[in-house]
$ cat final-v5.csv   # CSV, C-alpha atoms and all ligand atoms
chain,number,residue,atom,x,y,z
Z,1,ALA,CA,-25.7,28.3,-13.0
Z,2,THR,CA,-25.0,31.9,-13.5
Z,3,PRO,CA,-21.4,33.1,-13.7
Z,4,MET,CA,-21.8,35.0,-10.5
Z,5,SER,CA,-23.1,32.1,-8.4
Z,6,ILE,CA,-20.4,29.9,-9.8
Z,7,MET,CA,-17.8,32.4,-8.8
Z,8,VAL,CA,-19.1,32.6,-5.3
Z,9,GLY,CA,-19.0,28.8,-5.1
Z,10,VAL,CA,-15.5,28.6,-6.4
Z,11,GLY,CA,-14.3,31.3,-4.0
Z,12,LYS,CA,-15.9,29.5,-1.0
Z,13,GLY,CA,-14.3,26.2,-2.0
Z,14,ALA,CA,-10.9,27.8,-2.3
Z,15,GLN,CA,-11.2,29.1,1.3
Z,16,HIS,CA,-11.6,25.5,2.4
Z,17,GLY,CA,-8.9,24.0,0.3
Z,18,VAL,CA,-11.3,22.8,-2.4
Z,19,LEU,CA,-10.0,24.0,-5.8
Z,20,ILE,CA,-12.7,23.9,-8.4
Z,21,ARG,CA,-11.3,24.2,-11.9
Z,22,ASP,CA,-14.4,24.0,-14.1
Z,23,ALA,CA,-18.0,25.2,-13.6
Z,24,GLU,CA,-19.2,21.8,-14.8
Z,25,ALA,CA,-17.6,20.1,-11.9
Z,26,LEU,CA,-19.4,22.4,-9.5
Z,27,GLU,CA,-22.7,21.9,-11.2
Z,28,ARG,CA,-22.4,18.1,-11.4
Z,29,MET,CA,-21.2,17.5,-7.9
Z,30,GLU,CA,-24.7,17.5,-6.4
Z,31,LYS,CA,-25.9,14.9,-8.8
Z,32,VAL,CA,-23.1,12.4,-8.1
Z,33,ASP,CA,-24.5,9.1,-6.7
Z,34,THR,CA,-21.3,7.0,-6.9
Z,35,LEU,CA,-17.8,7.7,-5.6
Z,36,VAL,CA,-15.0,5.6,-7.0
Z,37,VAL,CA,-11.9,6.0,-4.9
Z,38,ASP,CA,-8.3,4.9,-5.2
Z,39,LYS,CA,-6.7,3.3,-2.1
Z,40,THR,CA,-3.1,4.2,-1.9
Z,41,GLY,CA,-2.5,8.0,-1.4
Z,42,THR,CA,-6.2,8.7,-1.5
Z,43,LEU,CA,-7.9,6.8,1.3
Z,44,THR,CA,-4.4,6.2,2.8
Z,45,GLU,CA,-1.6,8.7,3.5
Z,46,GLY,CA,0.5,7.4,0.6
Z,47,ARG,CA,3.6,7.3,2.7
Z,48,PRO,CA,4.1,3.6,3.2
Z,49,LYS,CA,6.6,2.1,5.6
Z,50,VAL,CA,8.2,-1.3,5.8
Z,51,VAL,CA,6.7,-3.1,8.8
Z,52,HIS,CA,8.0,-6.7,8.1
Z,53,ILE,CA,10.7,-8.6,6.2
Z,54,GLU,CA,10.1,-12.3,5.7
Z,55,PRO,CA,12.9,-14.2,4.0
Z,56,ALA,CA,11.9,-17.5,2.4
Z,57,PRO,CA,13.5,-20.7,3.9
Z,58,GLY,CA,17.2,-20.7,2.8
Z,59,PHE,CA,17.4,-16.9,2.3
Z,60,ASP,CA,18.4,-14.2,4.8
Z,61,ALA,CA,16.7,-10.9,5.5
Z,62,ALA,CA,19.8,-8.7,4.9
Z,63,THR,CA,20.5,-10.0,1.4
Z,64,LEU,CA,16.9,-9.9,0.6
Z,65,LEU,CA,16.6,-6.3,1.5
Z,66,ARG,CA,19.9,-5.2,0.0
Z,67,LYS,CA,19.2,-6.7,-3.5
Z,68,LEU,CA,15.6,-5.6,-3.4
Z,69,ALA,CA,16.6,-2.0,-2.6
Z,70,SER,CA,19.3,-2.0,-5.3
Z,71,VAL,CA,16.5,-2.6,-7.9
Z,72,GLU,CA,13.8,-0.4,-6.2
Z,73,ARG,CA,16.3,2.5,-6.3
Z,74,ALA,CA,15.4,2.9,-10.0
Z,75,SER,CA,11.6,3.1,-9.3
Z,76,GLU,CA,9.6,6.2,-8.4
Z,77,HIS,CA,6.7,4.2,-6.9
Z,78,PRO,CA,5.8,5.1,-3.2
Z,79,LEU,CA,6.4,1.4,-2.4
Z,80,ALA,CA,10.0,1.8,-3.7
Z,81,ALA,CA,10.4,4.9,-1.5
Z,82,ALA,CA,9.4,2.8,1.6
Z,83,ILE,CA,12.0,0.2,0.8
Z,84,MET,CA,14.7,2.8,0.1
Z,85,ALA,CA,14.0,4.5,3.5
Z,86,ASP,CA,14.3,1.2,5.3
Z,87,ALA,CA,17.6,0.3,3.4
Z,88,GLN,CA,19.0,3.7,4.2
Z,89,ALA,CA,18.1,3.4,7.9
Z,90,ARG,CA,20.1,0.1,7.9
Z,91,ARG,CA,22.9,1.7,6.0
Z,92,LEU,CA,22.9,-1.1,3.4
Z,93,GLN,CA,25.5,-0.9,0.6
Z,94,LEU,CA,23.5,-1.0,-2.6
Z,95,SER,CA,24.7,-2.5,-5.9
Z,96,PRO,CA,24.2,-1.1,-9.5
Z,97,VAL,CA,21.2,-2.5,-11.4
Z,98,ASN,CA,21.3,-3.7,-15.0
Z,99,ASP,CA,18.4,-4.5,-17.4
Z,100,PHE,CA,15.9,-2.6,-15.3
Z,101,ASP,CA,12.3,-2.7,-16.2
Z,102,SER,CA,9.1,-1.6,-14.4
Z,103,PRO,CA,5.8,-2.8,-15.9
Z,104,VAL,CA,3.3,-0.2,-14.6
Z,105,GLY,CA,1.1,-1.4,-11.7
Z,106,GLN,CA,2.9,-4.8,-11.5
Z,107,GLY,CA,6.4,-4.3,-10.1
Z,108,VAL,CA,10.1,-4.0,-11.0
Z,109,VAL,CA,12.8,-6.4,-12.3
Z,110,GLY,CA,16.5,-6.0,-12.7
Z,111,SER,CA,19.8,-7.7,-12.5
Z,112,VAL,CA,21.9,-7.1,-9.3
Z,113,ASP,CA,25.3,-8.8,-8.8
Z,114,GLY,CA,24.4,-11.4,-11.3
Z,115,THR,CA,21.0,-12.2,-9.7
Z,116,ARG,CA,17.8,-11.5,-11.6
Z,117,VAL,CA,15.7,-9.7,-8.9
Z,118,VAL,CA,11.9,-9.6,-9.4
Z,119,SER,CA,9.8,-7.5,-7.1
Z,120,GLY,CA,6.0,-7.0,-7.1
Z,121,SER,CA,2.6,-8.6,-6.8
Z,122,ALA,CA,2.0,-12.3,-6.5
Z,123,LYS,CA,0.6,-12.2,-10.0
Z,124,PHE,CA,3.7,-10.5,-11.4
Z,125,LEU,CA,6.0,-13.1,-9.8
Z,126,LYS,CA,3.9,-16.0,-11.1
Z,127,GLU,CA,3.9,-14.5,-14.6
Z,128,SER,CA,7.7,-14.2,-14.2
Z,129,GLY,CA,7.8,-18.0,-13.6
Z,130,ILE,CA,8.3,-17.8,-9.8
Z,131,ASN,CA,6.2,-19.9,-7.4
Z,132,VAL,CA,5.5,-17.9,-4.2
Z,133,ASP,CA,3.8,-20.8,-2.2
Z,134,ALA,CA,6.8,-21.1,0.3
Z,135,VAL,CA,5.8,-17.8,1.9
Z,136,ASN,CA,2.2,-17.2,0.7
Z,137,ALA,CA,0.5,-18.4,3.9
Z,138,VAL,CA,2.6,-16.1,6.1
Z,139,ALA,CA,1.9,-13.3,3.6
Z,140,GLU,CA,-1.8,-13.8,3.7
Z,141,GLY,CA,-1.8,-13.2,7.5
Z,142,PHE,CA,-0.2,-9.8,6.9
Z,143,ARG,CA,-2.6,-8.9,4.0
Z,144,ALA,CA,-5.5,-9.6,6.3
Z,145,GLN,CA,-4.1,-6.8,8.6
Z,146,ALA,CA,-4.2,-4.4,5.6
Z,147,VAL,CA,-0.5,-4.7,4.9
Z,148,THR,CA,0.7,-4.6,1.3
Z,149,VAL,CA,2.9,-7.5,0.4
Z,150,ILE,CA,5.7,-7.1,-2.1
Z,151,PHE,CA,7.1,-10.5,-3.2
Z,152,VAL,CA,10.7,-10.8,-4.1
Z,153,GLY,CA,12.2,-13.4,-6.4
Z,154,PHE,CA,15.9,-14.2,-6.9
Z,155,ASP,CA,16.3,-15.8,-10.4
Z,156,ASP,CA,13.5,-18.4,-10.5
Z,157,GLN,CA,13.0,-18.8,-6.8
Z,158,VAL,CA,11.0,-16.8,-4.2
Z,159,ALA,CA,13.4,-15.1,-1.8
Z,160,GLY,CA,10.7,-13.8,0.5
Z,161,PHE,CA,8.5,-10.8,0.9
Z,162,VAL,CA,8.4,-7.3,2.4
Z,163,GLY,CA,5.3,-6.1,4.2
Z,164,VAL,CA,4.5,-2.4,3.8
Z,165,ALA,CA,1.8,-0.5,5.8
Z,166,ASP,CA,0.2,2.8,4.8
Z,167,PRO,CA,-2.1,4.3,7.5
Z,168,ILE,CA,-5.6,5.6,6.6
Z,169,LYS,CA,-5.7,9.4,6.5
Z,170,MET,CA,-7.2,11.2,9.5
Z,171,ASN,CA,-10.5,12.4,7.9
Z,172,THR,CA,-11.1,9.4,5.5
Z,173,GLN,CA,-13.4,7.6,7.9
Z,174,GLU,CA,-15.6,10.6,8.6
Z,175,ALA,CA,-15.8,11.5,4.9
Z,176,ILE,CA,-16.8,8.0,3.8
Z,177,SER,CA,-19.4,7.8,6.6
Z,178,VAL,CA,-21.0,11.1,5.7
Z,179,LEU,CA,-21.1,10.3,2.0
Z,180,ARG,CA,-22.6,6.9,2.6
Z,181,SER,CA,-25.2,8.4,4.9
Z,182,GLU,CA,-26.2,10.7,2.0
Z,183,GLY,CA,-26.9,7.6,-0.1
Z,184,ILE,CA,-23.7,7.7,-2.2
Z,185,ARG,CA,-22.3,4.3,-3.3
Z,186,VAL,CA,-18.6,4.1,-2.5
Z,187,VAL,CA,-16.4,1.8,-4.6
Z,188,MET,CA,-12.7,1.2,-3.9
Z,189,LEU,CA,-10.5,0.8,-7.0
Z,190,THR,CA,-6.9,-0.4,-6.4
Z,191,GLY,CA,-3.9,-2.0,-8.0
Z,192,ASP,CA,-3.2,-3.7,-4.7
Z,193,GLY,CA,-4.2,-7.2,-3.9
Z,194,LYS,CA,-7.7,-8.3,-2.9
Z,195,THR,CA,-7.1,-9.3,0.8
Z,196,THR,CA,-5.2,-6.1,1.6
Z,197,ALA,CA,-7.8,-4.0,-0.2
Z,198,GLN,CA,-10.7,-5.7,1.6
Z,199,ALA,CA,-9.0,-5.3,5.0
Z,200,VAL,CA,-8.8,-1.5,4.3
Z,201,GLY,CA,-12.4,-1.6,3.1
Z,202,ARG,CA,-13.6,-3.3,6.2
Z,203,GLN,CA,-12.0,-0.6,8.4
Z,204,LEU,CA,-13.9,2.1,6.5
Z,205,GLY,CA,-17.2,0.3,5.9
Z,206,ILE,CA,-16.6,0.0,2.1
Z,207,ASP,CA,-17.7,-3.4,0.8
Z,208,ASP,CA,-17.5,-2.6,-2.8
Z,209,VAL,CA,-13.8,-3.4,-3.5
Z,210,ILE,CA,-12.3,-3.9,-6.9
Z,211,ALA,CA,-8.6,-5.0,-6.5
Z,212,ASP,CA,-5.7,-6.1,-8.7
Z,213,VAL,CA,-6.7,-3.4,-11.3
Z,214,LEU,CA,-4.1,-2.4,-13.9
Z,215,PRO,CA,-3.8,1.3,-14.5
Z,216,GLN,CA,-5.3,1.1,-18.0
Z,217,ASP,CA,-8.4,-0.7,-16.6
Z,218,LYS,CA,-9.3,1.9,-13.9
Z,219,ALA,CA,-10.9,4.1,-16.5
Z,220,ALA,CA,-12.9,1.2,-17.9
Z,221,VAL,CA,-14.5,0.6,-14.4
Z,222,VAL,CA,-15.6,4.3,-14.4
Z,223,GLN,CA,-17.0,4.0,-17.9
Z,224,ARG,CA,-18.9,0.8,-17.0
Z,225,LEU,CA,-20.5,2.5,-14.0
Z,226,LYS,CA,-21.5,5.5,-16.2
Z,227,ALA,CA,-23.0,3.1,-18.7
Z,228,GLU,CA,-25.1,1.7,-15.9
Z,229,GLY,CA,-26.6,5.2,-15.5
Z,230,ARG,CA,-24.6,6.2,-12.4
Z,231,VAL,CA,-23.2,9.8,-12.0
Z,232,VAL,CA,-19.7,9.1,-11.1
Z,233,ALA,CA,-17.1,11.0,-9.2
Z,234,MET,CA,-13.6,9.5,-9.1
Z,235,ALA,CA,-11.0,10.4,-6.5
Z,236,GLY,CA,-7.3,9.6,-7.0
Z,237,ASP,CA,-3.8,10.8,-6.7
Z,238,GLY,CA,-1.5,9.0,-9.1
Z,239,VAL,CA,-0.5,8.9,-12.7
Z,240,ASN,CA,-2.3,5.6,-12.9
Z,241,ASP,CA,-5.5,7.4,-11.8
Z,242,ALA,CA,-5.4,10.1,-14.5
Z,243,PRO,CA,-7.4,8.3,-17.2
Z,244,ALA,CA,-10.1,7.4,-14.7
Z,245,LEU,CA,-10.3,11.0,-13.4
Z,246,ALA,CA,-10.8,12.2,-16.9
Z,247,ALA,CA,-13.4,9.6,-17.6
Z,248,ALA,CA,-15.5,10.4,-14.6
Z,249,ASP,CA,-18.4,12.9,-14.5
Z,250,VAL,CA,-16.3,14.7,-11.8
Z,251,GLY,CA,-12.6,14.0,-11.4
Z,252,ILE,CA,-11.2,14.7,-7.9
Z,253,ALA,CA,-7.4,14.9,-7.5
Z,254,MET,CA,-5.4,14.9,-4.3
Z,255,GLY,CA,-3.3,18.1,-4.0
Z,256,THR,CA,-0.7,15.8,-2.4
Z,257,GLY,CA,-0.5,13.7,-5.5
Z,258,THR,CA,1.0,14.0,-9.0
Z,259,ASP,CA,0.5,17.0,-11.3
Z,260,VAL,CA,-0.9,14.6,-14.0
Z,261,ALA,CA,-3.8,13.7,-11.7
Z,262,MET,CA,-4.6,17.4,-11.0
Z,263,GLU,CA,-4.5,18.3,-14.7
Z,264,SER,CA,-7.0,15.5,-15.4
Z,265,ALA,CA,-9.4,16.6,-12.6
Z,266,GLY,CA,-12.1,19.3,-12.3
Z,267,VAL,CA,-11.6,19.5,-8.5
Z,268,THR,CA,-8.4,19.3,-6.5
Z,269,LEU,CA,-8.4,18.8,-2.7
Z,270,LEU,CA,-5.5,20.9,-1.5
Z,271,HIS,CA,-4.4,18.8,1.5
Z,272,GLY,CA,-5.8,15.6,0.2
Z,273,ASP,CA,-8.5,15.8,2.8
Z,274,LEU,CA,-11.5,13.7,1.7
Z,275,MET,CA,-13.9,15.9,3.7
Z,276,GLY,CA,-13.4,18.2,0.8
Z,277,ILE,CA,-15.7,16.0,-1.2
Z,278,VAL,CA,-18.5,16.6,1.3
Z,279,ARG,CA,-17.8,20.3,1.1
Z,280,ALA,CA,-17.8,20.3,-2.7
Z,281,ARG,CA,-21.2,18.7,-2.6
Z,282,ARG,CA,-22.6,21.3,-0.2
Z,283,LEU,CA,-21.2,24.1,-2.4
Z,284,SER,CA,-22.7,22.4,-5.4
Z,285,GLN,CA,-26.1,22.2,-3.7
Z,286,ALA,CA,-26.0,25.8,-2.6
Z,287,THR,CA,-24.9,27.0,-6.0
Z,288,MET,CA,-27.6,25.2,-7.9
Z,289,ARG,CA,-30.3,26.2,-5.3
Z,290,ASN,CA,-29.4,29.8,-5.8
Z,291,ILE,CA,-30.3,29.7,-9.5
Z,292,ARG,CA,-33.4,27.6,-9.4
Z,301,LIG,P1,-2.5,1.7,-6.5
Z,301,LIG,O1,-3.7,1.5,-7.3
Z,301,LIG,O2,-2.8,1.1,-5.1
Z,301,LIG,O3,-2.1,3.1,-6.4
Z,301,LIG,P2,-0.4,0.7,-8.3
Z,301,LIG,O4,-1.2,0.4,-9.5
Z,301,LIG,O5,0.6,1.8,-8.3
Z,301,LIG,O6,-1.3,0.7,-7.0
Z,301,LIG,O7,0.5,-0.7,-8.0
Z,301,LIG,C1,-0.2,-1.9,-8.0
Z,301,LIG,C2,0.7,-3.0,-7.4
Z,301,LIG,O8,1.9,-3.2,-8.3
Z,301,LIG,C3,1.3,-2.8,-6.1
Z,301,LIG,O9,0.4,-3.1,-5.0
Z,301,LIG,C4,2.5,-3.7,-6.1
Z,301,LIG,O10,2.2,-5.0,-5.9
Z,301,LIG,C5,3.0,-3.6,-7.5
Z,301,LIG,N1,4.1,-2.6,-7.7
Z,301,LIG,C6,4.0,-1.4,-8.3
Z,301,LIG,N2,5.2,-0.7,-8.3
Z,301,LIG,C7,6.0,-1.5,-7.6
Z,301,LIG,C8,7.4,-1.4,-7.2
Z,301,LIG,N3,8.2,-0.4,-7.5
Z,301,LIG,N4,7.9,-2.4,-6.4
Z,301,LIG,C9,7.2,-3.5,-6.1
Z,301,LIG,N5,5.9,-3.7,-6.5
Z,301,LIG,C10,5.3,-2.7,-7.2
Z,302,MG,MG,-2.9,6.0,-5.6
$ encode --input "final-v5.csv" --output "structure tokens"
Amino acid sequence: ATPMSIMVGVGKGAQHGVLIRDAEALERMEKVDTLVVDKTGTLTEGRPKVVHIEPAPGFDAATLLRKLASVERASEHPLAAAIMADAQARRLQLSPVNDFDSPVGQGVVGSVDGTRVVSGSAKFLKESGINVDAVNAVAEGFRAQAVTVIFVGFDDQVAGFVGVADPIKMNTQEAISVLRSEGIRVVMLTGDGKTTAQAVGRQLGIDDVIADVLPQDKAAVVQRLKAEGRVVAMAGDGVNDAPALAAADVGIAMGTGTDVAMESAGVTLLHGDLMGIVRARRLSQATMRNIR
């Protein structure tokens, strides 16, 4: 495209909250045939709330939440923020945490009042030597309702789980429908568990769901699709999405997300509104038509 037509396209995008950083992103957008999209904070609002607390037999909800929040206080994850908000609303007295660790995309672990508290995915608890069977059936019922389940272990026993819900953003449904009707293949890519991810996918008509993905593996999925000959746009908001945004033909960051994501992307959607992807495609088509 000519510099002039690119400038016009970039200007029109900016008027609609679509910030286009490089000319290549604008040129490639019309050729995109696959959209890989992160779940939390991209399809959903990214402001999760605690909707359920389930202590395992022999444990009580107040202790469960108090020790959990004491560990999550040291985490910057949106799930930790949800737990902290709930603990604050209940005015729980938190304890200091020792030996804190937070393996990315898995959970957190720390010592609280002499108890080793492990919080995270079922996989993370299993790897930490904790069997979650005592609460897993109840948890599965919540997951089927699109709730994210955070398992909590005290020492080597499961103490229960916390259910966290994150509503789908207002314009997500429309954006996904339009893109699909234009023949774009939509793939959800998330670190969350399979049942929860599929429940969100079902609400949006996305049946291509890749769940339980570690941050370092998100970029590999994008690379694989490119190797299959697809022209891939990747939309995401988190630090864990940055490598995948950089690997995609067009990286699309949510303006509501982290700076690292925006720095790795060619396009930023100012308000995190996914209809911006539809607009960016229209602009790309108009820009490229002008110069042919
Ligand atoms: P996403 O791809 O949806 O943005 P992440 O890669 O950030 O998800 O996290 C993946 C999973 O790791 C979460 O669904 C959760 O099970 C676990 N996890 C991450 N951080 C925490 C935390 N602070 N507390 C508990 N669990 C966590
Ligand atoms: Mg995210």
$ residues_near_point --input "final-v5.csv" --point "(10.4, -12.6, -12.6)" --cutoff "12 Å" --atoms "all atoms listed in the file" --output "NGL selection string"
:Z and (100-103 or 106-111 or 115-132 or 151-159)
$ closest_residue --input "final-v5.csv" --among "Z:Asp113, Z:Glu76, Z:Asp259, Z:Asp99" --to "ligand LIG 301 (chain Z)" --atoms "only C-alpha atoms and all ligand atoms"
Z:Glu76
$ residues_near_ligand --input "final-v5.csv" --ligand "ligand LIG 301 (chain Z)" --cutoff "6 Å" --atoms "only C-alpha atoms and all ligand atoms" --output "ChimeraX atom specification"
/Z:39-40,72,75,77,79-80,105-108,119-121,150,190-192,214-215
$ write_last_selection --input "final-v5.csv" --atoms "C-alpha atoms" --output "CSV table (one decimal), keeping the file's coordinate frame"
chain,number,residue,atom,x,y,z
Z,39,LYS,CA,-6.7,3.3,-2.1
Z,40,THR,CA,-3.1,4.2,-1.9
Z,72,GLU,CA,13.8,-0.4,-6.2
Z,75,SER,CA,11.6,3.1,-9.3
Z,77,HIS,CA,6.7,4.2,-6.9
Z,79,LEU,CA,6.4,1.4,-2.4
Z,80,ALA,CA,10.0,1.8,-3.7
Z,105,GLY,CA,1.1,-1.4,-11.7
Z,106,GLN,CA,2.9,-4.8,-11.5
Z,107,GLY,CA,6.4,-4.3,-10.1
Z,108,VAL,CA,10.1,-4.0,-11.0
Z,119,SER,CA,9.8,-7.5,-7.1
Z,120,GLY,CA,6.0,-7.0,-7.1
Z,121,SER,CA,2.6,-8.6,-6.8
Z,150,ILE,CA,5.7,-7.1,-2.1
Z,190,THR,CA,-6.9,-0.4,-6.4
Z,191,GLY,CA,-3.9,-2.0,-8.0
Z,192,ASP,CA,-3.2,-3.7,-4.7
Z,214,LEU,CA,-4.1,-2.4,-13.9
Z,215,PRO,CA,-3.8,1.3,-14.5
$ residues_near_ligand --input "final-v5.csv" --ligand "ligand MG 302 (chain Z)" --cutoff "12 Å" --atoms "only C-alpha atoms and all ligand atoms" --output "PyMOL selection string"
chain Z and resi 37-48+77-79+105+166+188-192+213-215+218+234-242+244-245+253-254+256-258+261+272
$ closest_residue --input "final-v5.csv" --among "Z:Leu274, Z:Met4, Z:Ala144, Z:Ala85" --to "Z:Thr172" --atoms "only C-alpha atoms"
Z:Leu274
$ closest_residue --input "final-v5.csv" --among "Z:Leu68, Z:Ile206, Z:Val149, Z:Ala82" --to "Z:Arg180" --atoms "only C-alpha atoms"
Z:Ile206
$ residues_around --input "final-v5.csv" --residues "Z:Gly13" --least-positions-apart "3" --cutoff "10 Å" --atoms "all atoms listed in the file" --output "JSON, numbers by chain"
{"Z": [7, 8, 9, 10, 16, 17, 18, 19, 20, 26, 267, 269, 276, 279, 280, 282, 283, 284]}
$ residues_around --input "final-v5.csv" --residues "Z:Val112" --least-positions-apart "6" --cutoff "10 Å" --atoms "only C-alpha atoms" --output "PyMOL selection string"
chain Z and resi 66-71+94-100+154
$ closest_residue --input "final-v5.csv" --among "Z:Arg91, Z:Asn290, Z:Ala247, Z:Pro57" --to "Z:Asp133" --atoms "all atoms listed in the file"
Z:Pro57
$ decode --input "final-v5.csv" --residues "stretch 202-251 of chain Z" --atoms "C-alpha atoms" --output "tab-separated table (two decimals), in the first residue's frame"
chain	number	residue	atom	x	y	z
Z	202	ARG	CA	-20.31	-23.31	23.60
Z	203	GLN	CA	-21.83	-19.94	24.58
Z	204	LEU	CA	-19.96	-18.28	21.72
Z	205	GLY	CA	-20.18	-21.00	19.08
Z	206	ILE	CA	-16.42	-21.71	19.20
Z	207	ASP	CA	-15.80	-25.45	19.01
Z	208	ASP	CA	-12.09	-25.26	18.39
Z	209	VAL	CA	-10.88	-25.07	22.02
Z	210	ILE	CA	-7.31	-25.69	23.17
Z	211	ALA	CA	-7.18	-25.69	27.01
Z	212	ASP	CA	-4.60	-26.28	29.77
Z	213	VAL	CA	-1.96	-24.48	27.67
Z	214	LEU	CA	1.12	-23.23	29.48
Z	215	PRO	CA	2.21	-19.68	28.55
Z	216	GLN	CA	5.33	-20.90	26.72
Z	217	ASP	CA	3.18	-23.21	24.59
Z	218	LYS	CA	0.75	-20.55	23.32
Z	219	ALA	CA	3.25	-19.33	20.72
Z	220	ALA	CA	3.86	-22.91	19.57
Z	221	VAL	CA	0.17	-23.30	18.70
Z	222	VAL	CA	0.33	-20.13	16.57
Z	223	GLN	CA	3.50	-21.40	14.84
Z	224	ARG	CA	1.86	-24.75	14.11
Z	225	LEU	CA	-1.18	-23.10	12.47
Z	226	LYS	CA	1.15	-20.92	10.37
Z	227	ALA	CA	3.09	-24.01	9.33
Z	228	GLU	CA	-0.23	-25.48	8.13
Z	229	GLY	CA	-0.47	-22.50	5.77
Z	230	ARG	CA	-2.98	-20.46	7.74
Z	231	VAL	CA	-2.72	-16.68	8.02
Z	232	VAL	CA	-3.06	-16.19	11.74
Z	233	ALA	CA	-4.22	-13.28	13.88
Z	234	MET	CA	-3.78	-13.76	17.63
Z	235	ALA	CA	-5.77	-11.72	20.14
Z	236	GLY	CA	-4.71	-11.58	23.79
Z	237	ASP	CA	-4.24	-9.37	26.82
Z	238	GLY	CA	-1.71	-10.94	29.16
Z	239	VAL	CA	2.02	-11.26	29.68
Z	240	ASN	CA	1.45	-14.93	28.91
Z	241	ASP	CA	0.06	-14.02	25.48
Z	242	ALA	CA	2.97	-11.79	24.39
Z	243	PRO	CA	5.10	-14.50	22.67
Z	244	ALA	CA	2.04	-15.73	20.74
Z	245	LEU	CA	1.12	-12.17	19.71
Z	246	ALA	CA	4.64	-11.69	18.38
Z	247	ALA	CA	4.56	-15.05	16.55
Z	248	ALA	CA	1.26	-14.34	14.75
Z	249	ASP	CA	0.94	-12.73	11.30
Z	250	VAL	CA	-1.07	-10.05	13.08
Z	251	GLY	CA	-0.89	-9.62	16.87
